[in-house]
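This is model.tsv (TSV, C-alpha atoms and all ligand atoms).
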chain	number	residue	atom	x	y	z
H	1	MET	CA	0.00	0.00	0.00
H	2	LYS	CA	1.21	3.50	-0.76
H	3	LYS	CA	2.19	5.54	2.28
H	4	ASP	CA	0.33	8.67	3.33
H	5	VAL	CA	1.15	12.17	2.23
H	6	ILE	CA	0.22	14.35	5.19
H	7	LEU	CA	-0.51	18.06	4.96
H	8	THR	CA	-2.02	20.53	7.35
H	9	GLY	CA	-1.63	24.16	8.29
H	10	ASP	CA	-2.62	27.16	10.35
H	11	ARG	CA	-3.27	30.81	9.64
H	12	PRO	CA	-0.57	33.02	11.13
H	13	THR	CA	-2.86	35.48	12.89
H	14	GLY	CA	-1.67	34.79	16.43
H	15	ASN	CA	0.13	32.29	18.60
H	16	LEU	CA	-1.10	28.72	18.84
H	17	HIS	CA	-2.98	27.70	21.98
H	18	ILE	CA	-3.86	24.50	23.81
H	19	GLY	CA	-6.99	24.15	21.63
H	20	HIS	CA	-4.70	23.83	18.61
H	21	TYR	CA	-2.58	21.41	20.61
H	22	VAL	CA	-5.32	18.88	21.40
H	23	GLY	CA	-7.22	19.59	18.18
H	24	SER	CA	-4.41	18.97	15.76
H	25	ILE	CA	-0.83	19.35	16.96
H	26	SER	CA	-0.86	16.29	19.21
H	27	ASN	CA	-2.06	14.21	16.24
H	28	ARG	CA	0.71	15.68	14.11
H	29	LEU	CA	3.22	14.64	16.75
H	30	LYS	CA	1.77	11.12	16.80
H	31	LEU	CA	2.01	10.85	13.02
H	32	GLN	CA	5.53	12.23	13.12
H	33	GLU	CA	6.61	9.66	15.71
H	34	LYS	CA	4.99	6.80	13.81
H	35	GLY	CA	7.05	7.91	10.82
H	36	ASP	CA	4.93	5.92	8.42
H	37	PHE	CA	4.50	8.54	5.70
H	38	GLU	CA	5.80	9.41	2.31
H	39	LYS	CA	5.90	13.15	2.97
H	40	PHE	CA	4.69	15.43	5.75
H	41	TYR	CA	4.00	19.12	5.15
H	42	ILE	CA	2.86	21.81	7.55
H	43	MET	CA	1.91	25.02	5.85
H	44	ILE	CA	1.83	28.46	7.43
H	45	ALA	CA	-1.23	29.80	5.61
H	46	ASP	CA	-0.36	33.47	5.20
H	47	THR	CA	-2.23	33.86	1.92
H	48	GLN	CA	-5.36	32.51	3.56
H	49	ALA	CA	-4.85	34.75	6.60
H	50	LEU	CA	-4.77	37.78	4.29
H	51	THR	CA	-8.27	37.01	2.97
H	52	ASP	CA	-9.72	38.74	6.02
H	53	ASN	CA	-6.67	40.77	7.06
H	54	SER	CA	-5.92	42.81	3.95
H	55	ASP	CA	-5.65	45.89	6.17
H	56	ASN	CA	-3.42	44.15	8.66
H	57	VAL	CA	-0.54	42.70	6.70
H	58	ASP	CA	1.92	43.32	9.52
H	59	LYS	CA	-0.04	41.09	11.87
H	60	VAL	CA	0.13	38.22	9.40
H	61	LYS	CA	3.76	38.85	8.56
H	62	ASN	CA	4.88	38.99	12.20
H	63	ASN	CA	2.98	35.88	13.15
H	64	ILE	CA	4.67	33.67	10.55
H	65	ILE	CA	7.74	33.30	12.75
H	66	GLN	CA	5.55	32.99	15.86
H	67	VAL	CA	3.64	30.06	14.42
H	68	ALA	CA	6.88	28.46	13.21
H	69	LEU	CA	8.25	28.79	16.76
H	70	ASP	CA	5.04	27.30	18.15
H	71	TYR	CA	5.42	24.24	15.91
H	72	LEU	CA	9.06	23.72	16.73
H	73	SER	CA	8.59	24.22	20.43
H	74	ALA	CA	5.65	21.81	20.47
H	75	GLY	CA	8.03	19.18	19.14
H	76	ILE	CA	7.54	19.21	15.37
H	77	ASP	CA	10.85	17.96	14.01
H	78	PRO	CA	12.08	20.03	11.06
H	79	LYS	CA	14.10	17.05	9.86
H	80	LYS	CA	10.97	14.99	9.39
H	81	VAL	CA	8.42	17.62	8.45
H	82	ASN	CA	8.53	20.27	5.74
H	83	ILE	CA	7.26	23.50	7.32
H	84	PHE	CA	6.75	26.14	4.61
H	85	ILE	CA	5.01	29.45	3.95
H	86	GLN	CA	1.98	29.35	1.66
H	87	SER	CA	2.76	32.51	-0.33
H	88	GLN	CA	6.13	31.07	-1.33
H	89	VAL	CA	4.32	28.56	-3.50
H	90	PRO	CA	2.59	30.75	-6.10
H	91	GLU	CA	1.46	27.66	-8.03
H	92	LEU	CA	-1.21	27.29	-5.33
H	93	ALA	CA	-2.84	30.50	-6.57
H	94	GLU	CA	-2.88	29.24	-10.14
H	95	ILE	CA	-4.35	25.89	-9.12
H	96	THR	CA	-7.01	27.83	-7.20
H	97	MET	CA	-7.98	29.67	-10.41
H	98	TYR	CA	-8.79	26.42	-12.22
H	99	PHE	CA	-10.66	25.03	-9.22
H	100	MET	CA	-12.80	28.17	-9.01
H	101	ASN	CA	-14.55	27.07	-12.19
H	102	LEU	CA	-15.68	23.86	-10.54
H	103	VAL	CA	-17.50	25.39	-7.55
H	104	THR	CA	-20.73	27.39	-7.47
H	105	VAL	CA	-21.19	30.55	-5.43
H	106	SER	CA	-24.13	28.97	-3.63
H	107	ARG	CA	-22.04	25.96	-2.64
H	108	LEU	CA	-19.40	28.28	-1.17
H	109	THR	CA	-21.86	30.28	0.87
H	110	ARG	CA	-23.30	27.05	2.28
H	111	ASN	CA	-19.95	26.03	3.82
H	112	PRO	CA	-20.73	25.94	7.59
H	113	THR	CA	-17.26	27.11	8.66
H	114	VAL	CA	-17.38	30.07	6.28
H	115	LYS	CA	-20.90	30.85	7.51
H	116	GLU	CA	-19.79	30.90	11.14
H	117	GLU	CA	-16.72	33.00	10.38
H	118	THR	CA	-18.78	35.43	8.30
H	119	LYS	CA	-21.03	35.95	11.29
H	120	GLN	CA	-18.10	36.37	13.69
H	121	ARG	CA	-16.45	38.96	11.47
H	122	GLY	CA	-19.68	40.84	10.79
H	123	PHE	CA	-19.29	40.48	7.00
H	124	SER	CA	-22.75	40.67	5.54
H	125	SER	CA	-22.47	42.60	2.31
H	126	SER	CA	-18.81	43.42	2.90
H	127	MET	CA	-17.34	39.97	2.44
H	128	PRO	CA	-14.13	40.07	0.37
H	129	VAL	CA	-14.27	37.70	-2.63
H	130	GLY	CA	-10.92	36.26	-1.53
H	131	PHE	CA	-12.41	35.32	1.82
H	132	MET	CA	-15.44	33.68	0.28
H	133	CYS	CA	-13.13	31.64	-1.96
H	134	TYR	CA	-10.66	30.52	0.68
H	135	PRO	CA	-12.11	27.00	0.84
H	136	ILE	CA	-11.16	26.65	-2.83
H	137	SER	CA	-7.65	27.82	-2.16
H	138	GLN	CA	-7.50	25.40	0.76
H	139	ALA	CA	-8.45	22.61	-1.65
H	140	ALA	CA	-5.52	23.72	-3.80
H	141	ASP	CA	-3.19	23.57	-0.76
H	142	ILE	CA	-4.25	20.02	-0.08
H	143	LEU	CA	-4.48	18.64	-3.61
H	144	ALA	CA	-1.28	20.25	-4.89
H	145	PHE	CA	0.78	17.85	-2.83
H	146	GLY	CA	-1.15	14.62	-3.45
H	147	THR	CA	-2.24	14.73	0.18
H	148	THR	CA	-4.05	11.67	1.54
H	149	CYS	CA	-4.28	12.60	5.24
H	150	VAL	CA	-5.13	15.99	6.79
H	151	PRO	CA	-4.80	16.16	10.60
H	152	VAL	CA	-7.17	18.94	11.70
H	153	GLY	CA	-9.72	19.97	14.30
H	154	GLU	CA	-13.42	19.41	13.72
H	155	ASP	CA	-14.02	22.96	12.43
H	156	GLN	CA	-12.03	22.10	9.30
H	157	LEU	CA	-14.22	19.16	8.24
H	158	PRO	CA	-16.31	21.23	5.82
H	159	MET	CA	-13.06	22.27	4.11
H	160	ILE	CA	-11.99	18.68	3.59
H	161	GLU	CA	-15.45	17.84	2.30
H	162	GLN	CA	-15.24	20.70	-0.18
H	163	THR	CA	-11.75	19.56	-1.22
H	164	ARG	CA	-13.03	16.08	-1.95
H	165	GLU	CA	-15.87	17.49	-4.03
H	166	ILE	CA	-13.45	19.59	-6.06
H	167	ALA	CA	-11.14	16.60	-6.59
H	168	LYS	CA	-14.08	14.46	-7.75
H	169	SER	CA	-15.34	17.16	-10.03
H	170	PHE	CA	-11.91	17.67	-11.60
H	171	ASN	CA	-11.44	13.92	-12.03
H	172	SER	CA	-14.80	13.49	-13.68
H	173	SER	CA	-14.36	16.46	-16.01
H	174	TYR	CA	-10.76	15.90	-17.05
H	175	GLY	CA	-9.80	12.36	-16.06
H	176	GLU	CA	-8.39	10.77	-12.89
H	177	THR	CA	-5.85	13.23	-11.51
H	178	PHE	CA	-6.40	13.61	-7.78
H	179	ILE	CA	-6.57	11.24	-4.83
H	180	LEU	CA	-9.37	12.04	-2.37
H	181	PRO	CA	-7.87	13.12	0.97
H	182	LYS	CA	-9.23	12.16	4.39
H	183	ALA	CA	-9.38	14.22	7.58
H	184	PHE	CA	-7.63	12.82	10.64
H	185	LEU	CA	-9.48	13.97	13.77
H	186	PRO	CA	-8.75	13.52	17.47
H	187	ASP	CA	-10.66	10.62	19.04
H	188	SER	CA	-12.58	12.60	21.61
H	189	LYS	CA	-15.17	15.32	21.13
H	190	VAL	CA	-13.65	17.63	23.78
H	191	CYS	CA	-10.36	17.60	21.86
H	192	GLN	CA	-11.96	18.22	18.50
H	193	ARG	CA	-13.23	21.58	19.71
H	194	LEU	CA	-11.76	22.73	22.99
H	195	VAL	CA	-13.87	25.29	24.87
H	196	GLY	CA	-12.43	28.66	25.89
H	197	THR	CA	-11.47	29.41	29.51
H	198	ASP	CA	-14.66	31.52	29.77
H	199	GLY	CA	-16.85	28.55	28.85
H	200	ASP	CA	-17.45	29.96	25.39
H	201	LEU	CA	-17.93	27.31	22.72
H	202	LYS	CA	-14.52	27.60	21.20
H	203	MET	CA	-11.08	28.69	22.31
H	204	SER	CA	-10.13	31.49	19.93
H	205	LYS	CA	-7.79	34.42	20.01
H	206	SER	CA	-10.56	36.84	19.01
H	207	ALA	CA	-12.58	35.84	22.08
H	208	GLY	CA	-9.54	36.31	24.36
H	209	ASN	CA	-10.17	32.99	26.10
H	210	CYS	CA	-6.99	31.12	25.24
H	211	ILE	CA	-4.13	29.51	27.07
H	212	TYR	CA	-1.20	29.86	24.69
H	213	LEU	CA	1.58	27.32	24.29
H	214	LYS	CA	4.08	30.09	25.03
H	215	ASP	CA	2.34	31.46	28.15
H	216	GLU	CA	4.55	31.85	31.23
H	217	PRO	CA	3.74	29.72	34.32
H	218	ASP	CA	2.08	32.52	36.30
H	219	VAL	CA	-0.11	33.45	33.32
H	220	ILE	CA	-1.20	29.84	32.83
H	221	LYS	CA	-2.05	29.57	36.51
H	222	SER	CA	-4.05	32.77	36.65
H	223	LYS	CA	-6.04	31.81	33.53
H	224	ILE	CA	-6.87	28.45	35.08
H	225	MET	CA	-7.79	29.97	38.45
H	226	SER	CA	-10.30	32.28	36.76
H	227	ALA	CA	-11.71	29.64	34.38
H	228	TYR	CA	-15.47	29.11	34.22
H	229	THR	CA	-16.74	26.20	36.33
H	230	ASP	CA	-20.26	25.75	37.71
H	231	PRO	CA	-21.79	29.06	38.87
H	232	ASN	CA	-24.14	27.21	41.25
H	233	HIS	CA	-21.30	25.41	42.98
H	234	ILE	CA	-20.79	28.07	45.64
H	235	LYS	CA	-19.90	26.22	48.82
H	236	ILE	CA	-17.52	23.26	48.73
H	237	SER	CA	-20.30	21.07	50.06
H	238	ASP	CA	-22.65	22.00	47.17
H	239	PRO	CA	-23.09	19.38	44.48
H	240	GLY	CA	-21.31	20.52	41.30
H	241	LYS	CA	-21.92	20.11	37.59
H	242	VAL	CA	-19.26	18.54	35.43
H	243	GLU	CA	-20.95	19.14	32.07
H	244	GLY	CA	-20.15	22.59	30.71
H	245	ASN	CA	-17.50	23.00	33.40
H	246	VAL	CA	-14.34	24.19	31.67
H	247	VAL	CA	-11.96	22.64	34.20
H	248	PHE	CA	-13.48	19.21	33.65
H	249	SER	CA	-13.43	19.66	29.87
H	250	TYR	CA	-9.71	20.37	30.08
H	251	LEU	CA	-9.18	17.44	32.41
H	252	ASP	CA	-11.01	15.26	29.85
H	253	ALA	CA	-8.59	16.51	27.22
H	254	PHE	CA	-5.32	16.49	29.16
H	255	CYS	CA	-5.33	14.23	32.19
H	256	THR	CA	-4.43	10.55	32.30
H	257	ASP	CA	-4.40	8.02	35.13
H	258	GLU	CA	-0.69	8.86	35.44
H	259	SER	CA	-1.59	12.47	36.24
H	260	PHE	CA	-3.51	11.21	39.28
H	261	LYS	CA	-0.58	9.12	40.49
H	262	GLU	CA	1.68	12.13	40.17
H	263	PHE	CA	-0.46	15.02	41.39
H	264	LEU	CA	-3.63	13.75	43.07
H	265	PRO	CA	-3.06	10.23	44.40
H	266	GLU	CA	-6.15	10.24	46.62
H	267	TYR	CA	-8.21	9.64	43.44
H	268	LYS	CA	-7.68	6.76	41.02
H	269	ASN	CA	-8.98	8.39	37.90
H	270	LEU	CA	-11.13	11.13	36.40
H	271	GLU	CA	-14.36	9.20	36.90
H	272	GLU	CA	-13.76	9.12	40.65
H	273	LEU	CA	-12.96	12.83	40.74
H	274	LYS	CA	-16.06	13.68	38.74
H	275	SER	CA	-18.36	11.65	40.94
H	276	HIS	CA	-17.00	13.34	44.07
H	277	TYR	CA	-17.56	16.76	42.46
H	278	ARG	CA	-21.12	15.82	41.48
H	279	LYS	CA	-21.90	14.62	45.01
H	280	GLY	CA	-20.51	17.73	46.68
H	281	GLY	CA	-17.55	18.18	48.99
H	282	LEU	CA	-14.92	18.94	46.36
H	283	GLY	CA	-13.88	22.54	45.83
H	284	ASP	CA	-12.96	24.32	42.60
H	285	VAL	CA	-9.54	25.35	43.88
H	286	LYS	CA	-8.48	21.75	44.25
H	287	ILE	CA	-9.46	20.74	40.73
H	288	LYS	CA	-7.95	23.91	39.30
H	289	LEU	CA	-4.63	23.31	41.01
H	290	PHE	CA	-4.64	19.77	39.69
H	291	LEU	CA	-5.26	21.02	36.14
H	292	ASN	CA	-2.57	23.64	36.64
H	293	ASN	CA	-0.02	20.94	37.53
H	294	ILE	CA	-0.91	18.96	34.42
H	295	LEU	CA	-0.71	21.91	32.03
H	296	GLN	CA	2.48	23.26	33.56
H	297	LYS	CA	4.10	19.88	33.03
H	298	LEU	CA	2.98	19.80	29.39
H	299	LEU	CA	3.96	23.36	28.53
H	300	GLU	CA	7.25	23.75	30.37
H	301	PRO	CA	9.38	21.75	27.90
H	302	MET	CA	7.75	23.69	25.05
H	303	ARG	CA	8.79	27.02	26.56
H	304	LYS	CA	12.32	25.70	27.02
H	305	ARG	CA	12.60	24.55	23.42
H	306	ARG	CA	11.17	27.87	22.26
H	307	LYS	CA	13.86	29.82	24.11
H	308	GLU	CA	16.51	27.75	22.31
H	309	TYR	CA	14.96	28.25	18.88
H	310	GLU	CA	14.44	31.97	19.54
H	311	LYS	CA	18.21	32.41	19.70
H	312	ASP	CA	18.55	31.91	15.96
H	313	LEU	CA	15.54	33.17	14.04
H	314	ASP	CA	17.61	33.54	10.85
H	315	GLN	CA	18.09	29.81	10.85
H	316	ILE	CA	14.34	29.29	11.01
H	317	TYR	CA	13.65	31.72	8.16
H	318	LYS	CA	16.31	29.94	6.11
H	319	MET	CA	14.64	26.60	6.76
H	320	LEU	CA	11.22	27.99	5.79
H	321	PHE	CA	12.55	29.41	2.53
H	322	GLU	CA	14.40	26.24	1.57
H	323	ASN	CA	11.33	24.17	2.33
H	324	GLY	CA	9.23	26.53	0.21
H	325	VAL	CA	11.47	25.83	-2.78
H	326	LYS	CA	10.99	22.08	-2.33
H	327	ALA	CA	7.24	22.44	-1.88
H	328	ARG	CA	7.11	24.58	-5.00
H	329	GLU	CA	8.64	21.85	-7.13
H	330	VAL	CA	5.91	19.42	-6.08
H	331	ALA	CA	3.10	21.93	-6.62
H	332	ALA	CA	4.51	22.81	-10.05
H	333	GLN	CA	4.43	19.16	-11.08
H	334	THR	CA	0.80	18.91	-10.01
H	335	LEU	CA	-0.04	22.05	-11.96
H	336	GLU	CA	1.58	20.56	-15.09
H	337	LYS	CA	-0.39	17.37	-14.59
H	338	MET	CA	-3.62	19.36	-14.25
H	339	LYS	CA	-2.92	21.39	-17.36
H	340	SER	CA	-2.21	18.33	-19.38
H	341	ALA	CA	-5.40	16.66	-18.12
H	342	MET	CA	-7.35	19.80	-19.09
H	343	GLY	CA	-5.64	19.99	-22.48
H	344	ILE	CA	-4.15	23.43	-21.83
H	345	ASP	CA	-0.54	22.33	-21.72
H	346	TYR	CA	0.27	24.55	-24.70
H	347	ASN	CA	3.99	24.33	-24.25
H	348	LYS	CA	3.82	20.90	-25.83
H	349	PHE	CA	3.36	22.67	-29.18
H	350	LEU	CA	6.76	24.27	-28.70
H	351	LYS	CA	8.46	20.92	-28.41
H	352	LYS	CA	7.32	19.77	-31.87
I	401	LIG	N1	-8.02	26.83	7.43
I	401	LIG	C1	-6.95	26.43	8.27
I	401	LIG	C2	-7.10	27.22	9.60
I	401	LIG	O1	-7.86	28.14	9.68
I	401	LIG	C3	-5.59	26.69	7.72
I	401	LIG	C4	-5.27	25.94	6.44
I	401	LIG	C5	-4.97	26.49	5.23
I	401	LIG	C6	-5.22	24.52	6.28
I	401	LIG	N2	-4.75	25.51	4.31
I	401	LIG	C7	-4.88	24.30	4.90
I	401	LIG	C8	-5.44	23.42	7.13
I	401	LIG	C9	-4.76	23.02	4.38
I	401	LIG	C10	-5.34	22.12	6.59
I	401	LIG	C11	-5.00	21.94	5.23
I	401	LIG	O2	-6.42	26.93	10.56
How does this structure look as structure tokens?
Ligand code: TRP
Amino acid sequence: MKKDVILTGDRPTGNLHIGHYVGSISNRLKLQEKGDFEKFYIMIADTQALTDNSDNVDKVKNNIIQVALDYLSAGIDPKKVNIFIQSQVPELAEITMYFMNLVTVSRLTRNPTVKEETKQRGFSSSMPVGFMCYPISQAADILAFGTTCVPVGEDQLPMIEQTREIAKSFNSSYGETFILPKAFLPDSKVCQRLVGTDGDLKMSKSAGNCIYLKDEPDVIKSKIMSAYTDPNHIKISDPGKVEGNVVFSYLDAFCTDESFKEFLPEYKNLEELKSHYRKGGLGDVKIKLFLNNILQKLLEPMRKRRKEYEKDLDQIYKMLFENGVKAREVAAQTLEKMKSAMGIDYNKFLKK
């Protein structure tokens, strides 16, 4: 069987947070460690970020290195994974142009992720065309590399669906050219879409409810201590609710039986802790301090690695540029293949 080609990416509009970590980065690390792939790409999607930041180019530009640092500090190994910048592969834009002819406007506006983002950004009649079309450009990102596996959070599923539709449509119009990629999601629902510290549905930088991978220990602790729990759990003896309680959602995502052995040995596992909380007699401070221990342990090595990488940013830029050149060669081959399938490979006339 042919090995997977893995590709995923993030928009450089801010630092990555623990929602990104459980939603996608931890799966990337698993795939990296398994090592069972043909190629592994992680793309810093600056072109996509510009579709709703045309007036804020500096933000996008400055966050490219931040996101690269986030990847490296989380443990992505630049020897195994090609991390590159989207705009350094202009073939992606050309591939997007041909894909645009295969998608209707009404199909684009039905994309649930685009719908939600349109609402968030308050675009009603002011939506940039580039923004509306970003799912098509995301299909180009994925298909340009012959990707078979896309490790993402649940919010990206509509994009993968759209990509598959475009691949099918191209194949049926012009002949078998693309493989249909599959999404690779985390096993558990809490990880697929981690809630914000305020209990809001999703952790996102615009909502200001994130714990960032680069946060310092005191910042992490204070965010956890003020996280949303159960507003009716006032006295320790009150019975508490676990559902909708941010601290328990995070424990679902991050704690293991080992965490209990290490930090809270009077309980065997999360089920036991939850049932005590439900009964009453367990205070918020205790569960928050437990969560704090777990997250500090996870994030400390990342901060250390980051400080090392930060010493030589030039080296990181150099790596990104060299990787972009390699990625470009692959995308250019795909573009040639597409043009020949479509019958617009006019340069063949020159060779005669
Ligand atoms: N849409 C993704 C995000 O918002 C970023 C992205 C761009 C991406 N191209 C991709 C993800 C290709 C997976 C595959 O984070």
Name the closest residue to H:Ser222 among the candidates H:Lys288, H:Asn62, H:Met132, H:Ser259; distances are taken between atoms, counting only C-alpha atoms.
-> H:Lys288
Test item: residues no farther than 8 Å from ligand LIG 401 (chain I), counting only C-alpha atoms and all ligand atoms, as a list of chain:residue names = H:Leu7, H:Thr8, H:Gly9, H:Asp10, H:Arg11, H:Met43, H:Ile44, H:Ala45, H:Gln48, H:Ala49, H:Pro135, H:Ser137, H:Gln138, H:Ala139, H:Asp141, H:Ile142, H:Val150, H:Pro151, H:Val152, H:Gln156, H:Met159, H:Ile160
May I have the residues within 9 Å of H:Phe99 as a list of chain:residue names, using all atoms listed in the file and disregarding those fewer than 6 positions away in the same chain?
->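 So the residues in contact are H:Ile136, H:Ser137, H:Ala139, H:Ala140, H:Ile166, H:Ala167, H:Phe170.
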Can you write just those residues out, C-alpha atoms, as a compact mmCIF listing (two decimals), in the frame of the given file?
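Listing of part38.txt after writing:
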# COMPACT_ATOMS: atom_id res chain seq x y z
CA ILE H 136 -11.16 26.65 -2.83
CA SER H 137 -7.65 27.82 -2.16
CA ALA H 139 -8.45 22.61 -1.65
CA ALA H 140 -5.52 23.72 -3.80
CA ILE H 166 -13.45 19.59 -6.06
CA ALA H 167 -11.14 16.60 -6.59
CA PHE H 170 -11.91 17.67 -11.60
Taking every listed atom of stretch 236-241 of chain H and adding 8 Å to each side, what centre and edge lengths in Å (one decimal) does the axis-aligned box have, as AutoDock Vina command-line options?
--center_x -20.3 --center_y 21.3 --center_z 43.8 --size_x 21.6 --size_y 19.9 --size_z 28.5
Contact residues around stretch 207-213 of chain H with all atoms listed in the file at 7 Å, ignoring same-chain residues under 5 positions, as a list in words |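 Surrounding residues, per the criterion: Asn15, Leu16, His17, Ile18, Gly196, Thr197, Asp198, Ile220 and Leu299 of chain H.
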With distances taken over only C-alpha atoms, which of H:Leu50, H:Val242, H:Met319, H:Ile294 is nearest to H:Val129?
->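 Of all the options, H:Leu50 lies closest to H:Val129.
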Name the closest residue to H:Asp36 among the candidates H:Pro239, H:Gly122, H:Ser188, H:Cys149; distances are taken between atoms, counting only C-alpha atoms.
-> H:Cys149
Within 9 Å of H:Asp155, counting all atoms listed in the file, which residues show up once you throw out same-chain ones fewer than 4 positions away? Write them as an MDAnalysis selection string, please.
-> chainID H and resid 112:113 159 192:193
Using only C-alpha atoms, find the one residue out of H:Phe184, H:Asp284, H:Glu322, H:Asp312 that sits nearest to H:Asn27.
-> H:Phe184
Close residues, H:Ile42 itself excluded, 12 Å, all atoms listed in the file, min 4 positions apart in chain, as a compact mmCIF listing (two decimals) with C-alpha atoms, in the frame of the given file:
# COMPACT_ATOMS: atom_id res chain seq x y z
CA VAL H 5 1.15 12.17 2.23
CA ILE H 6 0.22 14.35 5.19
CA LEU H 7 -0.51 18.06 4.96
CA THR H 8 -2.02 20.53 7.35
CA GLY H 9 -1.63 24.16 8.29
CA ASP H 10 -2.62 27.16 10.35
CA ARG H 11 -3.27 30.81 9.64
CA SER H 24 -4.41 18.97 15.76
CA ILE H 25 -0.83 19.35 16.96
CA ARG H 28 0.71 15.68 14.11
CA LEU H 29 3.22 14.64 16.75
CA GLN H 32 5.53 12.23 13.12
CA VAL H 67 3.64 30.06 14.42
CA ALA H 68 6.88 28.46 13.21
CA TYR H 71 5.42 24.24 15.91
CA LEU H 72 9.06 23.72 16.73
CA ILE H 76 7.54 19.21 15.37
CA ASP H 77 10.85 17.96 14.01
CA PRO H 78 12.08 20.03 11.06
CA LYS H 80 10.97 14.99 9.39
CA VAL H 81 8.42 17.62 8.45
CA ASN H 82 8.53 20.27 5.74
CA ILE H 83 7.26 23.50 7.32
CA PHE H 84 6.75 26.14 4.61
CA ILE H 85 5.01 29.45 3.95
CA GLN H 86 1.98 29.35 1.66
CA ASP H 141 -3.19 23.57 -0.76
CA ILE H 142 -4.25 20.02 -0.08
CA PHE H 145 0.78 17.85 -2.83
CA THR H 147 -2.24 14.73 0.18
CA CYS H 149 -4.28 12.60 5.24
CA VAL H 150 -5.13 15.99 6.79
CA PRO H 151 -4.80 16.16 10.60
CA VAL H 152 -7.17 18.94 11.70
CA LEU H 320 11.22 27.99 5.79
CA ASN H 323 11.33 24.17 2.33
CA GLY H 324 9.23 26.53 0.21
CA ALA H 327 7.24 22.44 -1.88
Please, what distance in Å, to one decimal, runs between atom CA of H:Val105 and atom CA of H:Ser173?
-> 18.9 Å
Can you pull out the residues contacting H:Asp257? Cut-off 7 Å, using only C-alpha atoms, and skip same-chain residues under 2 positions away; I want them as a PDB file with C-alpha atoms, keeping the file's coordinate frame.
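What ended up in result_13.pdb:
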ATOM      1  CA  CYS H 255      -5.330  14.230  32.190  1.00  0.00           C
ATOM      2  CA  SER H 259      -1.590  12.470  36.240  1.00  0.00           C
ATOM      3  CA  PHE H 260      -3.510  11.210  39.280  1.00  0.00           C
ATOM      4  CA  LYS H 261      -0.580   9.120  40.490  1.00  0.00           C
ATOM      5  CA  LYS H 268      -7.680   6.760  41.020  1.00  0.00           C
ATOM      6  CA  ASN H 269      -8.980   8.390  37.900  1.00  0.00           C
TER       7      ASN H 269
END
Residues within 12 Å of (-22.3, 15.7, 36.8), counting only C-alpha atoms, listed as a list in words =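 Protein, DNA and RNA residues close to (-22.3, 15.7, 36.8): Thr229, Asp230, His233, Pro239, Gly240, Lys241, Val242, Glu243, Gly244, Asn245, Phe248, Ser249, Glu271, Glu272, Leu273, Lys274, Ser275, His276, Tyr277, Arg278, Lys279 and Gly280 of chain H.
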Take atom CA of H:Asn56 and atom CA of H:Leu108 and report the distance between them in Å, one decimal.
->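 Atom CA of H:Asn56 sits 24.6 Å away from atom CA of H:Leu108.
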Here atom CA of H:Arg121 and atom CA of H:Lys61 stand apart by 20.4 Å
Nearest to H:Asp46 by atom-to-atom distance, counting all atoms listed in the file, from H:Tyr134, H:Tyr98, H:Gln120, H:Asp238 |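 Using all atoms listed in the file, the shortest distance to H:Asp46 belongs to H:Tyr134.
Distances here use all atoms listed in the file; by that measure, the residue among H:Tyr174, H:Phe254, H:Gly35, H:Gly75 closest to H:Gly343 is H:Tyr174.
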